[in-house]
>>> print(open('protein.pdb').read())   # PDB, C-alpha atoms, pLDDT in the B column
MODEL        1
ATOM      1  CA  MET T   1     120.507 -49.118   5.687  1.00 43.00           C
ATOM      2  CA  THR T   2     119.176 -49.605   2.184  1.00 48.00           C
ATOM      3  CA  ARG T   3     120.929 -52.452   0.397  1.00 76.00           C
ATOM      4  CA  GLY T   4     119.276 -52.214  -3.000  1.00 94.00           C
ATOM      5  CA  ASP T   5     117.551 -49.600  -5.118  1.00 97.00           C
ATOM      6  CA  ILE T   6     114.311 -47.877  -4.137  1.00 98.00           C
ATOM      7  CA  TYR T   7     111.304 -48.212  -6.463  1.00 98.00           C
ATOM      8  CA  PHE T   8     108.006 -46.324  -6.652  1.00 98.00           C
ATOM      9  CA  ALA T   9     104.983 -47.715  -8.509  1.00 98.00           C
ATOM     10  CA  GLY T  10     101.442 -46.361  -8.501  1.00 97.00           C
ATOM     11  CA  ASP T  11      98.180 -46.270 -10.407  1.00 95.00           C
ATOM     12  CA  VAL T  12      98.263 -49.908 -11.448  1.00 96.00           C
ATOM     13  CA  HIS T  13      94.457 -50.065 -11.099  1.00 93.00           C
ATOM     14  CA  LEU T  14      94.361 -53.861 -11.024  1.00 94.00           C
ATOM     15  CA  VAL T  15      90.994 -55.469 -11.639  1.00 91.00           C
ATOM     16  CA  PRO T  16      90.063 -59.052 -10.675  1.00 91.00           C
ATOM     17  CA  GLU T  17      91.242 -61.811 -12.956  1.00 95.00           C
ATOM     18  CA  PRO T  18      90.118 -63.005 -15.447  1.00 94.00           C
ATOM     19  CA  LEU T  19      88.908 -59.511 -16.395  1.00 90.00           C
ATOM     20  CA  PRO T  20      91.353 -57.979 -18.909  1.00 92.00           C
ATOM     21  CA  HIS T  21      93.870 -55.356 -17.808  1.00 93.00           C
ATOM     22  CA  PRO T  22      96.401 -53.722 -20.165  1.00 93.00           C
ATOM     23  CA  GLY T  23      99.284 -53.641 -17.695  1.00 95.00           C
ATOM     24  CA  ARG T  24      98.732 -56.608 -15.406  1.00 96.00           C
ATOM     25  CA  GLU T  25     101.329 -58.874 -17.002  1.00 97.00           C
ATOM     26  CA  ALA T  26     103.867 -56.048 -17.260  1.00 97.00           C
ATOM     27  CA  PHE T  27     103.397 -55.232 -13.577  1.00 98.00           C
ATOM     28  CA  LEU T  28     103.765 -58.870 -12.557  1.00 98.00           C
ATOM     29  CA  GLU T  29     106.926 -59.061 -14.677  1.00 97.00           C
ATOM     30  CA  PHE T  30     108.230 -55.985 -12.868  1.00 98.00           C
ATOM     31  CA  LEU T  31     107.606 -57.571  -9.463  1.00 98.00           C
ATOM     32  CA  GLY T  32     109.270 -60.769 -10.642  1.00 98.00           C
ATOM     33  CA  ARG T  33     112.370 -58.857 -11.718  1.00 97.00           C
ATOM     34  CA  LEU T  34     112.586 -57.160  -8.347  1.00 98.00           C
ATOM     35  CA  ALA T  35     112.500 -60.564  -6.663  1.00 98.00           C
ATOM     36  CA  GLY T  36     115.728 -61.405  -8.506  1.00 97.00           C
ATOM     37  CA  GLU T  37     117.504 -58.201  -7.435  1.00 97.00           C
ATOM     38  CA  GLU T  38     119.329 -57.335  -4.250  1.00 97.00           C
ATOM     39  CA  PRO T  39     116.568 -56.471  -1.739  1.00 97.00           C
ATOM     40  CA  GLY T  40     115.767 -52.773  -1.485  1.00 97.00           C
ATOM     41  CA  GLU T  41     112.522 -50.879  -1.060  1.00 98.00           C
ATOM     42  CA  LEU T  42     109.262 -50.851  -3.015  1.00 98.00           C
ATOM     43  CA  TRP T  43     106.797 -48.040  -2.376  1.00 98.00           C
ATOM     44  CA  LEU T  44     103.320 -48.656  -3.796  1.00 98.00           C
ATOM     45  CA  THR T  45     102.090 -45.094  -4.221  1.00 98.00           C
ATOM     46  CA  GLY T  46      98.344 -45.646  -4.306  1.00 95.00           C
ATOM     47  CA  ASP T  47      95.626 -47.069  -6.553  1.00 94.00           C
ATOM     48  CA  LEU T  48      97.290 -50.440  -6.796  1.00 97.00           C
ATOM     49  CA  PHE T  49      93.731 -51.706  -7.176  1.00 95.00           C
ATOM     50  CA  ASP T  50      90.913 -50.121  -9.145  1.00 91.00           C
ATOM     51  CA  PHE T  51      88.736 -51.026  -6.174  1.00 87.00           C
ATOM     52  CA  TRP T  52      89.492 -52.745  -2.891  1.00 89.00           C
ATOM     53  CA  PHE T  53      87.276 -53.052   0.156  1.00 84.00           C
ATOM     54  CA  GLU T  54      87.835 -55.545   2.954  1.00 82.00           C
ATOM     55  CA  TYR T  55      85.113 -57.165   5.016  1.00 79.00           C
ATOM     56  CA  ARG T  56      85.793 -58.528   8.490  1.00 77.00           C
ATOM     57  CA  SER T  57      86.263 -62.066   7.248  1.00 77.00           C
ATOM     58  CA  ALA T  58      86.919 -61.612   3.530  1.00 77.00           C
ATOM     59  CA  MET T  59      88.796 -59.613   0.928  1.00 85.00           C
ATOM     60  CA  PRO T  60      88.306 -59.241  -2.851  1.00 88.00           C
ATOM     61  CA  ALA T  61      88.969 -62.294  -5.011  1.00 90.00           C
ATOM     62  CA  GLY T  62      90.837 -62.430  -8.317  1.00 94.00           C
ATOM     63  CA  TYR T  63      94.188 -60.963  -7.234  1.00 96.00           C
ATOM     64  CA  ASP T  64      96.048 -64.136  -6.242  1.00 97.00           C
ATOM     65  CA  ARG T  65      99.034 -63.656  -8.569  1.00 98.00           C
ATOM     66  CA  ALA T  66      99.645 -60.059  -7.545  1.00 98.00           C
ATOM     67  CA  LEU T  67      99.356 -60.845  -3.839  1.00 98.00           C
ATOM     68  CA  LYS T  68     101.730 -63.787  -4.206  1.00 98.00           C
ATOM     69  CA  ALA T  69     104.293 -61.706  -6.127  1.00 98.00           C
ATOM     70  CA  LEU T  70     104.256 -59.079  -3.377  1.00 98.00           C
ATOM     71  CA  SER T  71     104.588 -61.710  -0.655  1.00 98.00           C
ATOM     72  CA  VAL T  72     107.662 -63.145  -2.411  1.00 98.00           C
ATOM     73  CA  LEU T  73     109.321 -59.715  -2.226  1.00 98.00           C
ATOM     74  CA  ALA T  74     108.681 -59.519   1.508  1.00 97.00           C
ATOM     75  CA  GLU T  75     110.038 -63.028   1.974  1.00 98.00           C
ATOM     76  CA  LYS T  76     113.219 -62.059   0.118  1.00 97.00           C
ATOM     77  CA  GLY T  77     113.853 -59.134   2.425  1.00 97.00           C
ATOM     78  CA  TRP T  78     112.354 -56.216   0.524  1.00 97.00           C
ATOM     79  CA  ARG T  79     110.901 -53.349   2.526  1.00 97.00           C
ATOM     80  CA  THR T  80     107.462 -52.891   0.962  1.00 98.00           C
ATOM     81  CA  VAL T  81     105.147 -50.001   1.876  1.00 98.00           C
ATOM     82  CA  PHE T  82     101.703 -49.174   0.494  1.00 98.00           C
ATOM     83  CA  LEU T  83     100.258 -45.642   0.589  1.00 98.00           C
ATOM     84  CA  PRO T  84      96.569 -46.235  -0.270  1.00 95.00           C
ATOM     85  CA  GLY T  85      95.025 -44.035  -2.956  1.00 92.00           C
ATOM     86  CA  ASN T  86      91.528 -42.805  -3.661  1.00 86.00           C
ATOM     87  CA  HIS T  87      90.552 -46.126  -5.284  1.00 86.00           C
ATOM     88  CA  ASP T  88      91.852 -48.477  -2.581  1.00 90.00           C
ATOM     89  CA  TRP T  89      91.773 -46.465   0.637  1.00 85.00           C
ATOM     90  CA  TRP T  90      90.032 -49.299   2.503  1.00 88.00           C
ATOM     91  CA  VAL T  91      92.840 -51.806   2.012  1.00 92.00           C
ATOM     92  CA  GLY T  92      93.605 -53.320   5.397  1.00 91.00           C
ATOM     93  CA  GLY T  93      94.744 -56.191   7.535  1.00 94.00           C
ATOM     94  CA  HIS T  94      93.827 -59.001   5.144  1.00 95.00           C
ATOM     95  CA  PHE T  95      96.052 -57.434   2.492  1.00 97.00           C
ATOM     96  CA  GLU T  96      98.916 -56.906   4.940  1.00 97.00           C
ATOM     97  CA  ARG T  97      98.799 -60.507   6.134  1.00 97.00           C
ATOM     98  CA  ALA T  98      98.609 -61.903   2.595  1.00 97.00           C
ATOM     99  CA  THR T  99     101.563 -59.883   1.288  1.00 98.00           C
ATOM    100  CA  GLY T 100     103.796 -58.698   4.127  1.00 98.00           C
ATOM    101  CA  VAL T 101     103.362 -55.145   2.785  1.00 98.00           C
ATOM    102  CA  ARG T 102     103.056 -52.414   5.423  1.00 98.00           C
ATOM    103  CA  ILE T 103     100.211 -49.906   4.957  1.00 98.00           C
ATOM    104  CA  ASP T 104     100.859 -46.235   5.737  1.00 98.00           C
ATOM    105  CA  ARG T 105      97.807 -43.933   5.578  1.00 94.00           C
ATOM    106  CA  SER T 106      99.726 -40.697   6.147  1.00 94.00           C
ATOM    107  CA  PRO T 107      98.920 -37.926   3.621  1.00 92.00           C
ATOM    108  CA  PHE T 108     102.618 -38.023   2.757  1.00 97.00           C
ATOM    109  CA  VAL T 109     105.730 -39.729   4.091  1.00 98.00           C
ATOM    110  CA  ARG T 110     109.200 -38.295   4.588  1.00 98.00           C
ATOM    111  CA  THR T 111     112.162 -40.611   4.124  1.00 98.00           C
ATOM    112  CA  GLU T 112     115.689 -40.599   2.751  1.00 97.00           C
ATOM    113  CA  CYS T 113     116.738 -42.269  -0.502  1.00 97.00           C
ATOM    114  CA  PHE T 114     120.493 -42.554  -1.035  1.00 95.00           C
ATOM    115  CA  GLY T 115     121.096 -39.304   0.787  1.00 95.00           C
ATOM    116  CA  ILE T 116     118.164 -37.489  -0.885  1.00 97.00           C
ATOM    117  CA  ARG T 117     115.513 -36.193   1.492  1.00 98.00           C
ATOM    118  CA  THR T 118     112.363 -37.523  -0.155  1.00 98.00           C
ATOM    119  CA  VAL T 119     108.629 -36.915   0.271  1.00 98.00           C
ATOM    120  CA  ILE T 120     106.257 -39.603  -1.023  1.00 98.00           C
ATOM    121  CA  ALA T 121     102.486 -39.277  -1.525  1.00 98.00           C
ATOM    122  CA  HIS T 122      99.700 -40.640  -3.665  1.00 95.00           C
ATOM    123  CA  GLY T 123      98.850 -37.060  -4.637  1.00 91.00           C
ATOM    124  CA  ASP T 124      95.068 -36.861  -4.379  1.00 88.00           C
ATOM    125  CA  GLY T 125      93.687 -33.716  -2.778  1.00 81.00           C
ATOM    126  CA  LEU T 126      97.085 -32.086  -2.234  1.00 86.00           C
ATOM    127  CA  GLY T 127      97.533 -28.359  -2.773  1.00 75.00           C
ATOM    128  CA  ARG T 128      94.912 -25.976  -4.138  1.00 72.00           C
ATOM    129  CA  GLY T 129      92.314 -27.065  -6.664  1.00 62.00           C
ATOM    130  CA  ASP T 130      90.511 -30.421  -6.946  1.00 63.00           C
ATOM    131  CA  ILE T 131      87.860 -28.786  -4.754  1.00 60.00           C
ATOM    132  CA  GLY T 132      85.086 -31.290  -5.430  1.00 55.00           C
ATOM    133  CA  TYR T 133      87.225 -34.256  -4.509  1.00 59.00           C
ATOM    134  CA  ARG T 134      88.693 -32.536  -1.445  1.00 58.00           C
ATOM    135  CA  LEU T 135      85.168 -31.897  -0.163  1.00 54.00           C
ATOM    136  CA  ILE T 136      83.964 -35.459  -0.656  1.00 56.00           C
ATOM    137  CA  ARG T 137      87.169 -37.234   0.434  1.00 59.00           C
ATOM    138  CA  PRO T 138      86.482 -36.931   4.196  1.00 62.00           C
ATOM    139  CA  VAL T 139      83.024 -38.424   3.632  1.00 52.00           C
ATOM    140  CA  LEU T 140      84.367 -41.354   1.611  1.00 60.00           C
ATOM    141  CA  ARG T 141      87.058 -42.100   4.189  1.00 59.00           C
ATOM    142  CA  ALA T 142      84.870 -41.709   7.261  1.00 56.00           C
ATOM    143  CA  ARG T 143      84.396 -44.753   9.474  1.00 63.00           C
ATOM    144  CA  LEU T 144      80.614 -44.398   9.156  1.00 50.00           C
ATOM    145  CA  SER T 145      80.887 -44.656   5.358  1.00 55.00           C
ATOM    146  CA  SER T 146      82.878 -47.859   5.754  1.00 56.00           C
ATOM    147  CA  LEU T 147      80.313 -49.328   8.136  1.00 55.00           C
ATOM    148  CA  LEU T 148      77.432 -48.475   5.786  1.00 53.00           C
ATOM    149  CA  PHE T 149      79.236 -49.868   2.737  1.00 53.00           C
ATOM    150  CA  ARG T 150      79.989 -53.078   4.639  1.00 60.00           C
ATOM    151  CA  MET T 151      76.244 -53.660   4.958  1.00 56.00           C
ATOM    152  CA  LEU T 152      75.995 -54.087   1.170  1.00 58.00           C
ATOM    153  CA  HIS T 153      76.442 -57.483  -0.428  1.00 56.00           C
ATOM    154  CA  PRO T 154      80.058 -57.641  -1.748  1.00 62.00           C
ATOM    155  CA  ASP T 155      78.903 -58.147  -5.345  1.00 60.00           C
ATOM    156  CA  LEU T 156      76.650 -55.081  -5.180  1.00 56.00           C
ATOM    157  CA  GLY T 157      79.376 -53.039  -3.500  1.00 56.00           C
ATOM    158  CA  ALA T 158      81.887 -53.995  -6.178  1.00 62.00           C
ATOM    159  CA  SER T 159      79.432 -53.019  -8.930  1.00 59.00           C
ATOM    160  CA  ILE T 160      78.812 -49.592  -7.408  1.00 53.00           C
ATOM    161  CA  ALA T 161      82.533 -49.029  -6.879  1.00 57.00           C
ATOM    162  CA  GLY T 162      83.246 -50.054 -10.470  1.00 58.00           C
ATOM    163  CA  LEU T 163      80.962 -47.313 -11.774  1.00 52.00           C
ATOM    164  CA  ALA T 164      82.677 -44.741  -9.548  1.00 50.00           C
ATOM    165  CA  SER T 165      86.125 -45.921 -10.620  1.00 53.00           C
ATOM    166  CA  GLY T 166      85.277 -45.551 -14.291  1.00 54.00           C
ATOM    167  CA  THR T 167      84.081 -41.995 -13.743  1.00 38.00           C
ATOM    168  CA  SER T 168      87.258 -41.142 -11.851  1.00 41.00           C
ATOM    169  CA  ARG T 169      89.468 -42.458 -14.646  1.00 48.00           C
ATOM    170  CA  ARG T 170      87.600 -40.416 -17.261  1.00 46.00           C
ATOM    171  CA  ILE T 171      88.158 -37.269 -15.199  1.00 38.00           C
ATOM    172  CA  LEU T 172      91.863 -38.051 -14.835  1.00 40.00           C
ATOM    173  CA  ARG T 173      92.310 -38.447 -18.585  1.00 46.00           C
ATOM    174  CA  ARG T 174      91.862 -34.670 -18.988  1.00 47.00           C
ATOM    175  CA  GLU T 175      94.969 -34.088 -16.869  1.00 43.00           C
ATOM    176  CA  ILE T 176      97.218 -36.808 -18.215  1.00 51.00           C
ATOM    177  CA  LEU T 177      99.568 -34.402 -20.016  1.00 62.00           C
ATOM    178  CA  GLU T 178      99.726 -31.764 -17.299  1.00 75.00           C
ATOM    179  CA  ILE T 179     100.789 -31.461 -13.670  1.00 85.00           C
ATOM    180  CA  PRO T 180      97.910 -29.570 -11.984  1.00 86.00           C
ATOM    181  CA  PRO T 181      99.005 -26.141 -10.680  1.00 88.00           C
ATOM    182  CA  GLY T 182      97.877 -26.928  -7.136  1.00 90.00           C
ATOM    183  CA  LEU T 183      99.993 -30.072  -7.032  1.00 93.00           C
ATOM    184  CA  SER T 184     102.988 -28.209  -8.467  1.00 94.00           C
ATOM    185  CA  GLU T 185     102.652 -25.591  -5.735  1.00 95.00           C
ATOM    186  CA  TRP T 186     102.482 -28.296  -3.073  1.00 95.00           C
ATOM    187  CA  VAL T 187     105.616 -29.933  -4.498  1.00 97.00           C
ATOM    188  CA  SER T 188     107.389 -26.548  -4.422  1.00 97.00           C
ATOM    189  CA  ASP T 189     106.405 -26.136  -0.772  1.00 97.00           C
ATOM    190  CA  MET T 190     107.857 -29.553   0.060  1.00 98.00           C
ATOM    191  CA  VAL T 191     111.107 -28.668  -1.705  1.00 98.00           C
ATOM    192  CA  ALA T 192     111.222 -25.314   0.072  1.00 98.00           C
ATOM    193  CA  GLY T 193     110.896 -27.281   3.313  1.00 97.00           C
ATOM    194  CA  GLY T 194     114.043 -29.249   2.546  1.00 98.00           C
ATOM    195  CA  ALA T 195     112.987 -32.123   0.273  1.00 98.00           C
ATOM    196  CA  GLY T 196     115.349 -32.958  -2.558  1.00 98.00           C
ATOM    197  CA  ALA T 197     112.801 -35.187  -4.298  1.00 98.00           C
ATOM    198  CA  VAL T 198     108.999 -35.400  -4.191  1.00 98.00           C
ATOM    199  CA  VAL T 199     107.321 -38.550  -5.534  1.00 98.00           C
ATOM    200  CA  THR T 200     103.619 -38.567  -6.457  1.00 98.00           C
ATOM    201  CA  SER T 201     101.183 -40.618  -8.529  1.00 96.00           C
ATOM    202  CA  HIS T 202      97.407 -40.089  -9.018  1.00 91.00           C
ATOM    203  CA  ILE T 203      97.505 -38.008 -12.228  1.00 90.00           C
ATOM    204  CA  HIS T 204      98.922 -40.840 -14.409  1.00 91.00           C
ATOM    205  CA  THR T 205     101.685 -38.626 -15.824  1.00 93.00           C
ATOM    206  CA  ALA T 206     105.211 -40.060 -16.145  1.00 96.00           C
ATOM    207  CA  ARG T 207     107.742 -37.293 -15.649  1.00 96.00           C
ATOM    208  CA  ILE T 208     110.826 -36.207 -13.726  1.00 97.00           C
ATOM    209  CA  ALA T 209     110.943 -32.417 -13.688  1.00 96.00           C
ATOM    210  CA  PRO T 210     112.988 -29.794 -11.826  1.00 97.00           C
ATOM    211  CA  ALA T 211     111.243 -28.220  -8.845  1.00 97.00           C
ATOM    212  CA  GLY T 212     113.476 -25.437  -7.592  1.00 96.00           C
ATOM    213  CA  PRO T 213     116.608 -27.072  -6.182  1.00 97.00           C
ATOM    214  CA  GLY T 214     114.829 -30.440  -6.100  1.00 98.00           C
ATOM    215  CA  VAL T 215     112.921 -32.714  -8.490  1.00 98.00           C
ATOM    216  CA  HIS T 216     109.315 -33.824  -8.841  1.00 98.00           C
ATOM    217  CA  ILE T 217     108.943 -37.486  -9.787  1.00 98.00           C
ATOM    218  CA  SER T 218     105.504 -38.364 -11.182  1.00 98.00           C
ATOM    219  CA  THR T 219     105.397 -42.141 -11.528  1.00 98.00           C
ATOM    220  CA  GLY T 220     102.941 -42.574 -14.414  1.00 95.00           C
ATOM    221  CA  ASP T 221     100.686 -45.622 -14.445  1.00 95.00           C
ATOM    222  CA  TRP T 222     100.297 -49.218 -15.650  1.00 95.00           C
ATOM    223  CA  ILE T 223      97.374 -48.462 -17.973  1.00 92.00           C
ATOM    224  CA  THR T 224      98.842 -46.033 -20.519  1.00 90.00           C
ATOM    225  CA  THR T 225     102.504 -45.294 -19.653  1.00 93.00           C
ATOM    226  CA  PHE T 226     103.525 -48.588 -17.972  1.00 96.00           C
ATOM    227  CA  THR T 227     106.132 -46.803 -15.905  1.00 97.00           C
ATOM    228  CA  CYS T 228     107.562 -46.676 -12.421  1.00 98.00           C
ATOM    229  CA  ALA T 229     110.384 -44.692 -10.837  1.00 98.00           C
ATOM    230  CA  ARG T 230     113.642 -45.733  -9.248  1.00 98.00           C
ATOM    231  CA  ILE T 231     116.120 -43.921  -7.037  1.00 98.00           C
ATOM    232  CA  GLY T 232     119.551 -45.495  -6.856  1.00 96.00           C
ATOM    233  CA  PRO T 233     123.099 -44.297  -6.239  1.00 95.00           C
ATOM    234  CA  GLY T 234     122.968 -42.449  -9.576  1.00 94.00           C
ATOM    235  CA  GLY T 235     119.795 -40.527  -8.723  1.00 96.00           C
ATOM    236  CA  PRO T 236     116.176 -40.800  -9.920  1.00 97.00           C
ATOM    237  CA  GLU T 237     115.004 -42.272 -13.228  1.00 98.00           C
ATOM    238  CA  LEU T 238     111.836 -43.538 -14.872  1.00 98.00           C
ATOM    239  CA  LEU T 239     111.589 -47.150 -16.015  1.00 98.00           C
ATOM    240  CA  ASN T 240     109.236 -48.421 -18.696  1.00 97.00           C
ATOM    241  CA  PHE T 241     107.749 -51.923 -18.859  1.00 96.00           C
ATOM    242  CA  PRO T 242     105.779 -52.059 -22.128  1.00 91.00           C
ATOM    243  CA  PRO T 243     103.214 -54.866 -22.338  1.00 88.00           C
ATOM    244  CA  GLY T 244     104.571 -57.845 -24.207  1.00 75.00           C
ATOM    245  CA  GLY T 245     108.095 -56.484 -24.471  1.00 62.00           C
ATOM    246  CA  SER T 246     111.271 -55.773 -22.605  1.00 53.00           C
ATOM    247  CA  ARG T 247     112.011 -52.366 -21.178  1.00 56.00           C
TER
ENDMDL
END
>>> encode(input="protein.pdb", output="structure tokens")
Amino acid sequence: MTRGDIYFAGDVHLVPEPLPHPGREAFLEFLGRLAGEEPGELWLTGDLFDFWFEYRSAMPAGYDRALKALSVLAEKGWRTVFLPGNHDWWVGGHFERATGVRIDRSPFVRTECFGIRTVIAHGDGLGRGDIGYRLIRPVLRARLSSLLFRMLHPDLGASIAGLASGTSRRILRREILEIPPGLSEWVSDMVAGGAGAVVTSHIHTARIAPAGPGVHISTGDWITTFTCARIGPGGPELLNFPPGGSR
């Protein structure tokens, strides 16, 4: 049984320290605040990292503070689950062992939040549209692709991934004010199937909007909106953690 509130945070797009990141400190503050609350659940809804790829004996460097903050939550009894996104699909065992966060690679997860039947997903490739990405996604996630990428030197791999990540973010900026029609239709289908709330990330839009008899919760990001979502006894709400200030 859930003891505390349930939080959803996605599209943080962390980069290795000491590289600058507009929302890193705000996100770390958010995790620190959770550590002081009654333990509940934290769902990381994809693209926690701008790029993450694990090798058999190594994982990316420069994320020590974020990994430690997540491990503190697990130690304090939080249920923490990570649904990898299109930028960090290859997160794996090293991350799980360093943080205590459980990885779930399902396209979407069904759960219950304070009596609300809830569907949670990163949001990439769902519904109609996004044809180009939906065609290339199986290639990017194939085991052969992982094996080939692992043959690259980590520094070269990170450089190539950084170029791809920048292109992806520029594409997403065109959709930041709109929920794509295909995603809206998918949300409606989930609600028609019995969900009272559908939580997604990926498009960097912060919004809670009616979806038939249910609601669609789009979590926003930690680059432009600095938002996450929470479901508690009073229902869903968006929370804002502006850089350098209190919410």
>>> closest_residue(input="protein.pdb", among="T:Phe53, T:Phe114, T:Phe226, T:Trp78", to="Gly100 in chain T", atoms="only C-alpha atoms")
T:Trp78
>>> closest_residue(input="protein.pdb", among="T:Pro60, T:Gly182, T:Gly234, T:Pro20", to="Asp5 in chain T", atoms="only C-alpha atoms")
T:Gly234
>>> resolve_selection(input="protein.pdb", expression="the PyMOL selection byres ((chain T and resi 55-59) around 8)", output="list of chain:residue names")
T:Trp52, T:Phe53, T:Glu54, T:Pro60, T:Ala61, T:His94, T:Phe95, T:Arg150
>>> residues_around(input="protein.pdb", residues="Val198 in chain T", least_positions_apart="6", cutoff="6 Å", atoms="only C-alpha atoms", output="list in words")
Thr118, Val119, Ile120, His216 and Ile217 of chain T
>>> atom_distance(input="protein.pdb", atom1="CA of Arg117 in chain T", atom2="CA of Pro39 in chain T")
20.6 Å
>>> atom_distance(input="protein.pdb", atom1="CA of Asp50 in chain T", atom2="CA of Gly92 in chain T")
15.1 Å
>>> closest_residue(input="protein.pdb", among="T:Val72, T:Ala98, T:Ile203, T:Ala197", to="Pro180 in chain T", atoms="only C-alpha atoms")
T:Ile203
